[in-house]
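Participant: Following this line is structure-v4.txt, made up of compact mmCIF, C-alpha atoms and all ligand atoms:
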```txt
# COMPACT_ATOMS: atom_id res chain seq x y z
CA MET W 20 -6.42 23.88 18.14
CA ASN W 21 -5.02 22.96 14.73
CA LYS W 22 -4.88 19.15 14.50
CA ASP W 23 -3.36 18.94 11.04
CA ILE W 24 -0.96 16.10 10.27
CA TRP W 25 1.83 17.08 7.91
CA VAL W 26 3.95 14.80 5.77
CA TYR W 27 7.27 15.95 4.34
CA ILE W 28 7.36 14.76 0.73
CA GLU W 29 10.97 13.88 0.00
CA GLN W 30 12.13 14.41 -3.57
CA THR W 31 15.43 14.56 -5.41
CA GLU W 32 15.36 16.19 -8.84
CA GLY W 33 11.66 15.39 -9.20
CA GLU W 34 11.95 11.79 -8.03
CA THR W 35 10.01 11.17 -4.84
CA ALA W 36 11.07 8.80 -2.07
CA GLY W 37 8.52 5.96 -1.64
CA VAL W 38 8.43 6.55 2.13
CA SER W 39 6.52 9.78 1.49
CA TRP W 40 3.53 7.83 0.13
CA GLU W 41 3.77 5.33 3.01
CA LEU W 42 3.60 8.25 5.46
CA LEU W 43 0.61 9.81 3.69
CA GLY W 44 -1.20 6.49 4.15
CA GLU W 45 -0.22 6.38 7.82
CA ALA W 46 -1.31 10.00 8.29
CA ARG W 47 -4.78 8.99 7.05
CA ARG W 48 -4.88 6.13 9.58
CA LEU W 49 -3.83 8.46 12.42
CA LYS W 50 -6.41 11.04 11.34
CA ALA W 51 -9.13 8.38 11.53
CA ALA W 52 -8.04 7.56 15.10
CA MET W 53 -8.30 11.18 16.29
CA LYS W 54 -11.32 12.50 18.20
CA GLU W 55 -11.09 15.95 16.63
CA PRO W 56 -9.10 15.35 13.46
CA GLY W 57 -7.54 18.06 11.37
CA GLN W 58 -6.46 17.76 7.76
CA ILE W 59 -3.61 15.94 6.10
CA ALA W 60 -1.11 18.26 4.51
CA ALA W 61 1.81 17.41 2.25
CA VAL W 62 4.81 19.73 2.09
CA LEU W 63 6.77 19.74 -1.16
CA ILE W 64 10.07 21.62 -1.34
CA GLY W 65 12.23 21.88 -4.47
CA PHE W 66 12.20 23.30 -7.98
CA GLN W 67 9.83 22.65 -10.91
CA LEU W 68 7.53 20.51 -8.81
CA GLU W 69 4.37 20.67 -11.00
CA SER W 70 4.66 17.07 -12.17
CA LEU W 71 4.70 15.80 -8.57
CA ILE W 72 1.51 17.53 -7.48
CA PRO W 73 -0.99 15.09 -9.08
CA LYS W 74 0.87 12.21 -7.42
CA VAL W 75 0.66 13.84 -4.00
CA GLN W 76 -3.08 14.30 -4.58
CA GLU W 77 -3.49 10.65 -5.52
CA TYR W 78 -2.13 9.58 -2.14
CA GLY W 79 -4.68 11.58 -0.21
CA ALA W 80 -3.33 14.97 0.88
CA ASP W 81 -6.17 17.37 1.77
CA LYS W 82 -3.77 20.31 1.49
CA ILE W 83 -0.52 20.70 -0.43
CA PHE W 84 2.04 23.34 0.49
CA VAL W 85 4.49 23.97 -2.35
CA ALA W 86 7.85 25.73 -2.01
CA ASP W 87 9.15 25.99 -5.57
CA ASP W 88 12.27 28.03 -6.25
CA PRO W 89 15.52 27.63 -8.28
CA CYS W 90 17.59 27.90 -5.07
CA LEU W 91 15.79 24.76 -3.80
CA LYS W 92 16.65 22.71 -6.89
CA PHE W 93 19.11 20.50 -4.99
CA PHE W 94 18.56 19.33 -1.43
CA HIS W 95 20.11 21.97 0.82
CA PRO W 96 19.71 20.97 4.49
CA GLN W 97 19.78 24.54 5.79
CA LEU W 98 17.38 26.07 3.23
CA TYR W 99 14.92 23.17 3.28
CA ALA W 100 14.83 23.31 7.09
CA GLU W 101 14.31 27.09 6.97
CA VAL W 102 11.37 26.72 4.58
CA LEU W 103 9.70 24.07 6.70
CA THR W 104 10.37 25.94 9.95
CA ASN W 105 8.96 29.15 8.55
CA LEU W 106 5.81 27.35 7.43
CA ILE W 107 5.40 25.52 10.76
CA GLN W 108 5.69 28.81 12.64
CA LYS W 109 2.87 30.26 10.52
CA GLU W 110 0.54 27.25 10.42
CA ASP W 111 1.23 25.49 13.76
CA PRO W 112 0.51 21.85 12.72
CA HIS W 113 -0.15 19.13 15.30
CA ILE W 114 2.12 16.39 13.87
CA LEU W 115 4.91 16.24 11.29
CA LEU W 116 5.94 12.89 9.75
CA VAL W 117 9.26 12.59 7.92
CA GLY W 118 11.02 9.61 6.35
CA ALA W 119 14.03 8.44 8.39
CA THR W 120 16.22 8.68 5.30
CA VAL W 121 19.47 10.60 4.84
CA GLN W 122 17.51 13.64 3.67
CA GLY W 123 14.53 13.29 6.02
CA SER W 124 16.67 12.75 9.13
CA GLN W 125 18.54 16.00 8.47
CA VAL W 126 15.33 17.93 7.91
CA ALA W 127 13.58 16.49 11.00
CA ALA W 128 16.51 17.17 13.34
CA ALA W 129 17.09 20.73 12.08
CA VAL W 130 13.39 21.66 12.18
CA GLY W 131 12.97 20.11 15.64
CA ALA W 132 15.85 22.22 16.95
CA LYS W 133 14.65 25.41 15.26
CA VAL W 134 11.06 25.22 16.50
CA LYS W 135 12.19 23.78 19.85
CA THR W 136 10.11 20.64 19.77
CA GLY W 137 10.90 16.94 20.08
CA VAL W 138 11.71 14.44 17.34
CA ALA W 139 11.00 10.72 17.85
CA ALA W 140 13.64 9.33 15.49
CA HIS W 141 13.42 5.97 13.70
CA ALA W 142 9.92 5.10 14.93
CA VAL W 143 8.58 1.66 14.01
CA SER W 144 4.93 2.33 14.76
CA LEU W 145 2.67 5.25 15.58
CA ARG W 146 -0.61 5.56 17.43
CA ILE W 147 -2.96 8.20 18.72
CA GLU W 148 -3.77 8.39 22.42
CA GLU W 149 -5.73 10.64 24.76
CA ASN W 150 -6.17 14.24 23.60
CA ASP W 151 -5.24 13.18 20.09
CA ARG W 152 -1.62 12.95 21.20
CA LEU W 153 0.90 11.07 19.06
CA VAL W 154 2.78 8.11 20.51
CA ALA W 155 5.82 7.05 18.49
CA VAL W 156 7.24 3.61 19.25
CA VAL W 157 11.01 3.60 18.97
CA PRO W 158 13.27 0.53 19.44
CA ALA W 159 16.21 0.68 21.82
CA PHE W 160 18.97 -1.74 22.83
CA GLY W 161 19.00 -3.36 19.41
CA GLY W 162 15.26 -3.78 19.29
CA LYS W 163 15.08 -5.67 22.61
CA VAL W 164 13.11 -2.82 24.15
CA LEU W 165 10.36 -0.77 22.49
CA GLY W 166 9.86 2.66 24.03
CA ASP W 167 6.83 4.95 23.71
CA ILE W 168 8.01 8.46 22.87
CA LEU W 169 5.63 11.35 23.59
CA ILE W 170 6.12 15.03 22.92
CA PRO W 171 3.42 16.38 25.27
CA ASN W 172 4.28 20.05 25.65
CA THR W 173 5.51 21.33 22.29
CA ARG W 174 4.26 21.40 18.70
CA PRO W 175 4.48 19.91 16.20
CA GLN W 176 5.10 16.38 17.42
CA ILE W 177 7.74 15.21 14.93
CA ALA W 178 8.45 11.57 14.12
CA SER W 179 10.83 10.08 11.56
CA ILE W 180 9.95 6.65 10.22
CA LYS W 181 12.13 4.29 8.20
CA PRO W 182 11.07 3.35 4.67
CA GLY W 183 9.18 0.06 4.44
CA ILE W 184 7.56 0.15 7.89
CA PHE W 185 4.15 1.17 6.54
CA ARG W 186 2.55 -0.06 3.35
CA LYS W 187 1.99 2.25 0.42
CA PRO W 188 -1.72 3.22 0.48
CA GLU W 189 -4.23 2.68 -2.30
CA LYS W 190 -4.54 5.65 -4.61
CA MET W 191 -7.63 7.82 -4.14
CA LYS W 192 -9.37 10.77 -5.77
CA ILE W 193 -9.26 13.89 -3.66
CA ASN W 194 -9.66 17.60 -4.30
CA SER W 195 -6.63 19.02 -2.53
CA GLN W 196 -6.20 22.67 -1.72
CA PHE W 197 -2.92 24.27 -2.90
CA PHE W 198 -0.82 26.83 -1.17
CA ASN W 199 2.28 28.37 -2.73
CA ILE W 200 4.67 29.26 0.03
CA ASP W 201 6.04 32.81 0.06
CA LEU W 202 9.81 32.34 -0.13
CA SER W 203 10.93 35.99 -0.11
CA PHE W 204 12.66 35.42 3.27
CA LEU W 205 15.12 33.00 1.60
CA ALA W 206 17.05 35.93 0.04
CA GLU W 207 18.04 37.01 3.56
CA ILE W 208 19.57 33.69 4.53
CA LYS W 209 23.34 33.45 4.49
CA THR W 210 24.65 29.99 3.88
CA GLY W 211 28.15 28.69 3.34
CA LEU W 212 26.91 25.61 1.48
CA LYS W 213 26.27 25.50 -2.27
CA PRO W 214 25.08 22.16 -3.69
CA LEU W 215 26.51 21.75 -7.18
CA GLY W 216 24.56 18.71 -8.34
CA VAL W 217 23.44 15.20 -7.61
CA ILE W 218 25.57 12.16 -8.37
CA ARG W 219 23.47 9.05 -8.66
CA GLU W 220 24.84 5.58 -8.17
CA GLU W 221 23.37 3.32 -10.82
CA PRO W 222 21.28 0.76 -8.95
CA ARG W 223 22.27 -2.81 -9.74
CA GLY W 224 19.57 -5.44 -9.95
CA VAL W 225 16.21 -5.32 -8.17
CA PRO W 226 15.86 -2.70 -5.40
CA LEU W 227 15.77 -4.32 -1.96
CA GLU W 228 12.41 -2.82 -1.00
CA GLU W 229 10.70 -4.22 -4.11
CA ALA W 230 12.38 -7.63 -4.27
CA GLU W 231 10.24 -10.72 -3.84
CA ILE W 232 13.36 -12.79 -3.18
CA ILE W 233 16.19 -11.54 -1.00
CA VAL W 234 19.52 -13.33 -0.75
CA CYS W 235 21.26 -12.06 2.37
CA GLY W 236 24.85 -12.65 3.39
CA GLY W 237 26.30 -12.36 6.87
CA TRP W 238 29.77 -12.48 8.34
CA GLY W 239 29.78 -16.27 7.88
CA ILE W 240 30.22 -15.73 4.12
CA GLY W 241 33.87 -15.33 5.03
CA ASP W 242 35.43 -13.80 1.90
CA LYS W 243 34.79 -11.90 -1.32
CA VAL W 244 34.92 -15.03 -3.49
CA THR W 245 32.02 -16.62 -1.61
CA TRP W 246 30.23 -13.25 -1.61
CA ASN W 247 30.38 -13.31 -5.43
CA TYR W 248 28.47 -16.63 -5.39
CA LEU W 249 25.81 -14.91 -3.31
CA GLU W 250 25.48 -12.13 -5.89
CA ILE W 251 25.26 -14.64 -8.76
CA LEU W 252 22.57 -16.61 -6.90
CA ALA W 253 20.52 -13.45 -6.28
CA GLU W 254 20.76 -12.46 -9.94
CA LYS W 255 19.81 -15.93 -11.19
CA LEU W 256 16.78 -16.01 -8.88
CA GLY W 257 15.72 -12.51 -9.99
CA GLY W 258 16.15 -11.30 -6.43
CA ALA W 259 18.15 -8.69 -4.56
CA VAL W 260 21.34 -9.00 -2.54
CA ALA W 261 21.24 -7.89 1.09
CA CYS W 262 23.58 -8.08 4.05
CA THR W 263 24.11 -7.70 7.76
CA ARG W 264 26.56 -5.12 9.13
CA PRO W 265 29.86 -7.13 8.98
CA PRO W 266 29.96 -7.69 5.16
CA ILE W 267 29.91 -3.88 4.74
CA ASP W 268 32.77 -3.49 7.21
CA GLU W 269 34.68 -6.25 5.38
CA GLY W 270 34.13 -4.51 2.03
CA TRP W 271 32.29 -7.46 0.41
CA ALA W 272 28.85 -5.86 0.22
CA PRO W 273 28.18 -2.81 -1.98
CA GLY W 274 27.13 -0.53 0.91
CA GLU W 275 24.65 0.39 3.61
CA HIS W 276 21.83 0.70 1.08
CA VAL W 277 21.60 -3.12 1.06
CA MET W 278 21.78 -3.60 4.84
CA ILE W 279 18.71 -5.00 6.60
CA GLY W 280 17.92 -4.16 10.20
CA THR W 281 17.49 -1.39 12.74
CA SER W 282 20.01 0.89 11.03
CA GLY W 283 19.24 -0.58 7.63
CA LYS W 284 16.09 -1.37 5.71
CA THR W 285 12.89 -3.13 6.71
CA VAL W 286 11.84 -5.69 4.11
CA ARG W 287 8.90 -8.04 3.54
CA PRO W 288 9.94 -10.29 0.65
CA LYS W 289 8.15 -13.49 -0.30
CA ILE W 290 11.41 -15.40 0.34
CA TYR W 291 14.41 -14.43 2.48
CA LEU W 292 17.46 -16.64 2.10
CA GLY W 293 20.10 -16.02 4.77
CA PHE W 294 23.66 -17.34 4.48
CA GLY W 295 26.04 -17.14 7.45
CA VAL W 296 23.72 -14.78 9.36
CA SER W 297 23.64 -15.33 13.16
CA GLY W 298 20.24 -13.71 13.81
CA ALA W 299 21.15 -10.69 15.95
CA THR W 300 18.09 -8.66 17.02
CA HIS W 301 19.43 -5.66 15.08
CA HIS W 302 19.07 -7.71 11.90
CA ILE W 303 15.97 -9.78 12.70
CA CYS W 304 13.79 -6.73 13.28
CA GLY W 305 14.27 -5.78 9.63
CA MET W 306 13.41 -9.15 8.02
CA LYS W 307 11.17 -11.10 10.41
CA ASP W 308 8.04 -10.32 8.35
CA ALA W 309 9.32 -12.15 5.26
CA GLU W 310 6.76 -14.75 4.14
CA LEU W 311 9.29 -17.59 4.02
CA ILE W 312 12.64 -17.52 5.81
CA ILE W 313 15.31 -20.03 4.83
CA SER W 314 18.68 -19.93 6.58
CA VAL W 315 22.02 -21.64 6.26
CA ASN W 316 24.37 -21.58 9.23
CA LYS W 317 27.04 -23.98 10.40
CA ASP W 318 26.00 -23.52 14.03
CA GLU W 319 22.81 -25.45 14.77
CA GLN W 320 22.21 -23.22 17.83
CA ALA W 321 22.21 -20.03 15.74
CA GLU W 322 19.42 -17.61 16.71
CA ILE W 323 18.39 -17.16 13.08
CA PHE W 324 16.94 -20.69 13.11
CA LYS W 325 14.37 -19.54 15.70
CA VAL W 326 12.73 -17.25 13.14
CA SER W 327 13.35 -19.51 10.12
CA ASP W 328 10.74 -21.67 8.40
CA LEU W 329 13.53 -23.83 7.03
CA GLY W 330 16.99 -24.11 8.56
CA ILE W 331 19.98 -25.81 6.96
CA VAL W 332 22.98 -26.60 9.14
CA GLY W 333 25.95 -26.45 6.83
CA ASP W 334 28.91 -24.55 5.45
CA VAL W 335 27.99 -21.69 3.10
CA LYS W 336 31.31 -22.13 1.28
CA GLU W 337 30.12 -25.56 0.15
CA ILE W 338 26.40 -24.83 -0.23
CA LEU W 339 26.51 -21.57 -2.19
CA PRO W 340 28.63 -22.86 -5.13
CA LEU W 341 26.37 -25.93 -5.31
CA LEU W 342 23.24 -23.76 -5.38
CA VAL W 343 24.67 -21.57 -8.15
CA GLN W 344 25.60 -24.68 -10.12
CA ALA W 345 22.08 -26.08 -9.64
CA VAL W 346 20.38 -22.84 -10.68
CA ASN W 347 22.68 -22.56 -13.71
CA SER W 348 21.82 -26.07 -14.85
CA GLY W 349 18.14 -25.64 -14.04
CA LYS W 350 18.24 -28.76 -11.83
CA GLY W 351 18.33 -29.49 -8.11
CA THR W 352 21.69 -30.34 -6.51
CA GLY W 353 20.58 -33.91 -5.94
CA ASP W 354 21.64 -33.62 -2.27
C1 LIG W 401 23.33 0.34 17.19
C2 LIG W 401 23.56 -0.87 16.32
C3 LIG W 401 22.82 -0.97 15.15
C4 LIG W 401 23.00 -2.11 14.33
N1 LIG W 401 22.25 -2.19 13.20
C5 LIG W 401 22.35 -3.31 12.45
C6 LIG W 401 21.52 -3.48 11.29
O1 LIG W 401 20.71 -2.62 10.92
N2 LIG W 401 21.64 -4.62 10.59
C7 LIG W 401 22.52 -5.63 10.95
O2 LIG W 401 22.55 -6.66 10.27
N3 LIG W 401 23.31 -5.47 12.00
C8 LIG W 401 23.27 -4.35 12.76
N4 LIG W 401 24.08 -4.23 13.85
C9 LIG W 401 25.06 -5.30 14.13
C10 LIG W 401 24.38 -6.48 14.81
O3 LIG W 401 24.28 -6.26 16.19
C11 LIG W 401 25.17 -7.80 14.58
O4 LIG W 401 26.50 -7.60 14.99
C12 LIG W 401 25.15 -8.23 13.13
O5 LIG W 401 23.81 -8.29 12.64
C13 LIG W 401 25.76 -9.64 13.02
O6 LIG W 401 25.92 -9.94 11.68
P1 LIG W 401 26.17 -11.44 11.22
O7 LIG W 401 25.01 -12.28 11.61
O8 LIG W 401 26.51 -11.37 9.77
O9 LIG W 401 27.51 -11.83 11.96
P2 LIG W 401 27.78 -12.76 13.21
O10 LIG W 401 26.89 -12.44 14.33
O11 LIG W 401 29.25 -12.74 13.44
O12 LIG W 401 27.35 -14.20 12.71
C14 LIG W 401 27.98 -14.92 11.71
C15 LIG W 401 27.26 -16.24 11.61
O13 LIG W 401 27.81 -16.97 10.53
C16 LIG W 401 27.93 -18.33 10.92
N5 LIG W 401 29.01 -18.89 10.10
C17 LIG W 401 30.34 -18.65 10.17
N6 LIG W 401 30.99 -19.30 9.19
C18 LIG W 401 30.06 -19.99 8.51
C19 LIG W 401 30.11 -20.86 7.40
N7 LIG W 401 31.26 -21.13 6.76
N8 LIG W 401 28.95 -21.40 6.94
C20 LIG W 401 27.77 -21.13 7.55
N9 LIG W 401 27.67 -20.32 8.62
C21 LIG W 401 28.79 -19.73 9.09
C22 LIG W 401 28.22 -18.32 12.40
O14 LIG W 401 27.80 -19.52 12.99
C23 LIG W 401 27.40 -17.12 12.85
O15 LIG W 401 26.12 -17.53 13.29
C24 LIG W 401 23.95 -3.11 14.67
C25 LIG W 401 24.69 -2.97 15.85
C26 LIG W 401 24.51 -1.87 16.66
C27 LIG W 401 25.32 -1.77 17.92
```
The structure in this file should be written as structure tokens.
Ligand SMILES: Cc1cc2nc3c(=O)[nH]c(=O)nc-3n(C[C@H](O)[C@H](O)[C@H](O)COP(=O)(O)OP(=O)(O)OC[C@H]3O[C@@H](n4cnc5c(N)ncnc54)[C@H](O)[C@@H]3O)c2cc1C

Facilitator:
Amino acid sequence: MNKDIWVYIEQTEGETAGVSWELLGEARRLKAAMKEPGQIAAVLIGFQLESLIPKVQEYGADKIFVADDPCLKFFHPQLYAEVLTNLIQKEDPHILLVGATVQGSQVAAAVGAKVKTGVAAHAVSLRIEENDRLVAVVPAFGGKVLGDILIPNTRPQIASIKPGIFRKPEKMKINSQFFNIDLSFLAEIKTGLKPLGVIREEPRGVPLEEAEIIVCGGWGIGDKVTWNYLEILAEKLGGAVACTRPPIDEGWAPGEHVMIGTSGKTVRPKIYLGFGVSGATHHICGMKDAELIISVNKDEQAEIFKVSDLGIVGDVKEILPLLVQAVNSGKGTGD
């Protein structure tokens, strides 16, 4: 039986998503845990992909399947899923790992439905059990319960994993085998969707996943004026701004791409500074591995204090302007 572990390499106009490398590293760990391991294969779909191939090799793919065609230039959920499905039906891999990103989640769900197999979505850890079977651990009820998801009777066993859960592996030298996928079947596919291009939002400041310092605001921030202090503080400290769910709903925070938690990102900064964050499980599960957690909350019973190394009971509306003033002057607040 083919025991290959596949990783979907997510790319947009030649720029790869970091989660792809994290998954290649995890695939190597899973392979080592298998009794009868197969090979690790990377699947690259897009157009003009040559420059990405050496990178995929560096992160340890034994095999690289390449689907390179002008009609795959922009991410097209239907065509990308068709390509992957077609390849799976020919090669019959054991496991498929996909990033739980906007792109990856669409691909995983569509492929799972087409090949009639299961998808363990938003897994937070993976392990290999008896008969080299994959177990994907998926949180439920806001992270209060962790469930083991198994796909015992169908192949491949598909799991989507959020960026940041696994560490990016060390680079290695490997002689990968290449396979160009025959895409002649694509001409037959009728689709009502025509992607016209990609509009990129210019990232502001340090990306959340790479930031050593994260300044996170919760609902306790209270208004846009106080939120602006949070942004200034993050910038002055050379860190990134993050948030819980409510500041997005209130329109203070720039968007979901800076949200931490079960539906947001998982981060491991050196310092996490939380302002007006209550400490709901949905949020905690995305930041609990920060090296140092400092929180400000006016409620001394707030749950966030239970995971904090340093807790300050106080009003963020008073503390944030003082902190900005102190950072601006290069001195402590004196309080
Ligand atoms: C399926 C699902 C997925 C979810 N995913 C996520 C997720 O990924 N990330 C996420 O963050 N949330 C998520 N949520 C929402 C989550 O459950 C909580 O509602 C949210 O994290 C609470 O955000 P908060 O701490 O900012 O707000 P609240 O819980 O309302 O807490 C506000 C805190 O601010 C304090 N406060 C108020 N005023 C001040 C002040 N002036 N000074 C100091 N402190 C003050 C209060 O004491 C309180 O502790 C999800 C919910 C669901 C149902």

Participant: Hey, which bits of chain W sit within 6 Å of ligand LIG 401 (chain W), and for each residue what's the closest pair of atoms and how far apart in Å (one decimal), counting only C-alpha atoms and all ligand atoms, rows by chain and increasing number, as JSON lines?

Facilitator:
```
{"residue": "W:Gly237", "atom": "CA", "partner": "W:LIG401", "partner_atom": "O8", "distance": 3.1}
{"residue": "W:Trp238", "atom": "CA", "partner": "W:LIG401", "partner_atom": "O8", "distance": 3.7}
{"residue": "W:Gly239", "atom": "CA", "partner": "W:LIG401", "partner_atom": "C17", "distance": 3.3}
{"residue": "W:Thr263", "atom": "CA", "partner": "W:LIG401", "partner_atom": "O2", "distance": 3.1}
{"residue": "W:Arg264", "atom": "CA", "partner": "W:LIG401", "partner_atom": "N3", "distance": 4.3}
{"residue": "W:Pro265", "atom": "CA", "partner": "W:LIG401", "partner_atom": "O8", "distance": 5.5}
{"residue": "W:Met278", "atom": "CA", "partner": "W:LIG401", "partner_atom": "N2", "distance": 5.8}
{"residue": "W:Ile279", "atom": "CA", "partner": "W:LIG401", "partner_atom": "N2", "distance": 5.0}
{"residue": "W:Gly280", "atom": "CA", "partner": "W:LIG401", "partner_atom": "O1", "distance": 3.3}
{"residue": "W:Thr281", "atom": "CA", "partner": "W:LIG401", "partner_atom": "O1", "distance": 3.9}
{"residue": "W:Ser282", "atom": "CA", "partner": "W:LIG401", "partner_atom": "O1", "distance": 3.6}
{"residue": "W:Gly283", "atom": "CA", "partner": "W:LIG401", "partner_atom": "O1", "distance": 4.1}
{"residue": "W:Gly295", "atom": "CA", "partner": "W:LIG401", "partner_atom": "O13", "distance": 3.6}
{"residue": "W:Val296", "atom": "CA", "partner": "W:LIG401", "partner_atom": "O7", "distance": 3.6}
{"residue": "W:Ser297", "atom": "CA", "partner": "W:LIG401", "partner_atom": "O15", "distance": 3.3}
{"residue": "W:Gly298", "atom": "CA", "partner": "W:LIG401", "partner_atom": "O7", "distance": 5.4}
{"residue": "W:Ala299", "atom": "CA", "partner": "W:LIG401", "partner_atom": "O5", "distance": 4.9}
{"residue": "W:His301", "atom": "CA", "partner": "W:LIG401", "partner_atom": "C5", "distance": 4.6}
{"residue": "W:His302", "atom": "CA", "partner": "W:LIG401", "partner_atom": "O2", "distance": 4.0}
{"residue": "W:Val315", "atom": "CA", "partner": "W:LIG401", "partner_atom": "C20", "distance": 5.9}
{"residue": "W:Asn316", "atom": "CA", "partner": "W:LIG401", "partner_atom": "N9", "distance": 3.6}
{"residue": "W:Lys317", "atom": "CA", "partner": "W:LIG401", "partner_atom": "C20", "distance": 4.1}
{"residue": "W:Asp318", "atom": "CA", "partner": "W:LIG401", "partner_atom": "O14", "distance": 4.5}
{"residue": "W:Ala321", "atom": "CA", "partner": "W:LIG401", "partner_atom": "O15", "distance": 5.2}
{"residue": "W:Gly333", "atom": "CA", "partner": "W:LIG401", "partner_atom": "C20", "distance": 5.7}
{"residue": "W:Asp334", "atom": "CA", "partner": "W:LIG401", "partner_atom": "N8", "distance": 3.5}
{"residue": "W:Val335", "atom": "CA", "partner": "W:LIG401", "partner_atom": "N8", "distance": 4.0}
{"residue": "W:Lys336", "atom": "CA", "partner": "W:LIG401", "partner_atom": "N7", "distance": 5.6}
```

Participant: Select from region 223-308 of chain W every residue with an atom at most 12 Å from any atom of region 33-37 of chain W, then for each give the shortest pair of atoms and their distance in Å to one decimal, using all atoms listed in the file, rows by chain and rising number, as JSON lines.

Facilitator:
```
{"residue": "W:Pro226", "atom": "CA", "partner": "W:Gly37", "partner_atom": "CA", "distance": 12.0}
{"residue": "W:Glu228", "atom": "CA", "partner": "W:Gly37", "partner_atom": "CA", "distance": 9.6}
{"residue": "W:Glu229", "atom": "CA", "partner": "W:Gly37", "partner_atom": "CA", "distance": 10.7}
```

Participant: For CA of Ala60 (chain W) and CA of Leu212 (chain W), quote the distance in Å rounded to one decimal.

Facilitator: 29.1 Å

Participant: Let me make sure I understand: among W:Ala206, W:Ile59, W:Ala128, W:Cys304, which one has the smallest atom-to-atom distance to Val143 (chain W) if we use all atoms listed in the file?

Facilitator: W:Cys304

Participant: Using all atoms listed in the file for the distances, tell me which of W:Val277, W:Ile24, W:Ala142, W:Ile114 is nearest to Ala80 (chain W).

Facilitator: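 Residue with the minimum atom-to-atom distance to Ala80 (chain W): W:Ile24.
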
Participant: Excluding Pro182 (chain W) and residues on its chain fewer than 4 positions from it, collect all residues at most 8 Å away from it, counting all atoms listed in the file, and give them as a count of residues only.

Facilitator: 8

Participant: Would you mind telling me which residue in W:Leu341, W:Leu91, W:Leu249, W:Ala259 lies nearest to Phe294 (chain W) when using all atoms listed in the file?

Facilitator: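 The answer is W:Leu249, which sits nearest to Phe294 (chain W).
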
Participant: Using all atoms listed in the file, find the one residue out of W:Glu55, W:Ala159, W:Glu32, W:Tyr99 that sits nearest to Ser70 (chain W).

Facilitator: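 Checking each of W:Glu55, W:Ala159, W:Glu32, W:Tyr99 against Ser70 (chain W), counting all atoms listed in the file, the winner is W:Glu32.
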
Participant: So that I can check the surroundings of Val130 (chain W), please list as a ChimeraX atom specification every protein, DNA and RNA residue that reaches within 10 Å of it, counting only C-alpha atoms and ignoring chain neighbours fewer than 4 positions away.

Facilitator: /W:96-97,99-105,107,124-126,134-138,175,177

Participant: Expressed in Å to a single decimal, how great is the separation between CA of Val217 (chain W) and CA of Glu45 (chain W)?

Facilitator: 29.6 Å

Participant: Record the distance separating CA of Ala61 (chain W) and CA of Ile28 (chain W), expressed in Å with one decimal.

Facilitator: 6.3 Å

Participant: For region 226-230 of chain W, take all atoms listed in the file, fit an axis-aligned box around them, add 6 Å to each of the six sides, then output centre and edge lengths in Å rounded to one decimal, as lines of an AutoDock Vina configuration file.

Facilitator:
```
center_x = 13.3
center_y = -5.2
center_z = -3.2
size_x = 17.2
size_y = 16.9
size_z = 16.4
```

Participant: Give the answer as one residue: which of W:Glu319, W:Glu149, W:Asp201, W:Glu29 has the shortest atom-to-atom distance to Ala86 (chain W), using all atoms listed in the file?

Facilitator: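 Between W:Glu319, W:Glu149, W:Asp201, W:Glu29, the residue approaching Ala86 (chain W) most closely is W:Asp201.
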
Participant: Looking at all atoms listed in the file, which of W:Gly211, W:Pro73, W:Gly349, W:Pro340 is the one that sits closest to Phe197 (chain W)?

Facilitator: W:Pro73

Participant: Quick one: residues within 8 Å of Phe93 (chain W), all atoms listed in the file counted, chain neighbours fewer than 4 positions away excluded, as a count of residues only?

Facilitator: 7

Participant: Would you kindly return, as an MDAnalysis selection string, each protein, DNA or RNA residue with an atom no farther than 7 Å from any atom of Phe198 (chain W), considering all atoms listed in the file and excluding same-chain residues fewer than 4 positions away?

Facilitator: chainID W and resid 83:85

Participant: Please dump the current selection as a short mmCIF file (atom, residue, chain, number, x, y, z; two decimals), keeping the file's coordinate frame; keep C-alpha atoms.

Facilitator:
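The resulting out-v7.cif:
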```cif
data_model
loop_
_atom_site.label_atom_id
_atom_site.label_comp_id
_atom_site.auth_asym_id
_atom_site.auth_seq_id
_atom_site.Cartn_x
_atom_site.Cartn_y
_atom_site.Cartn_z
CA ILE W 83 -0.52 20.70 -0.43
CA PHE W 84 2.04 23.34 0.49
CA VAL W 85 4.49 23.97 -2.35
#
```

Participant: Can you list, as number ranges by chain, every protein, DNA or RNA residue that comes within 10 Å of Pro266 (chain W) when you count only C-alpha atoms, leaving out same-chain residues fewer than 5 positions away?

Facilitator: W: 236-243, 246, 261, 271-275, 278
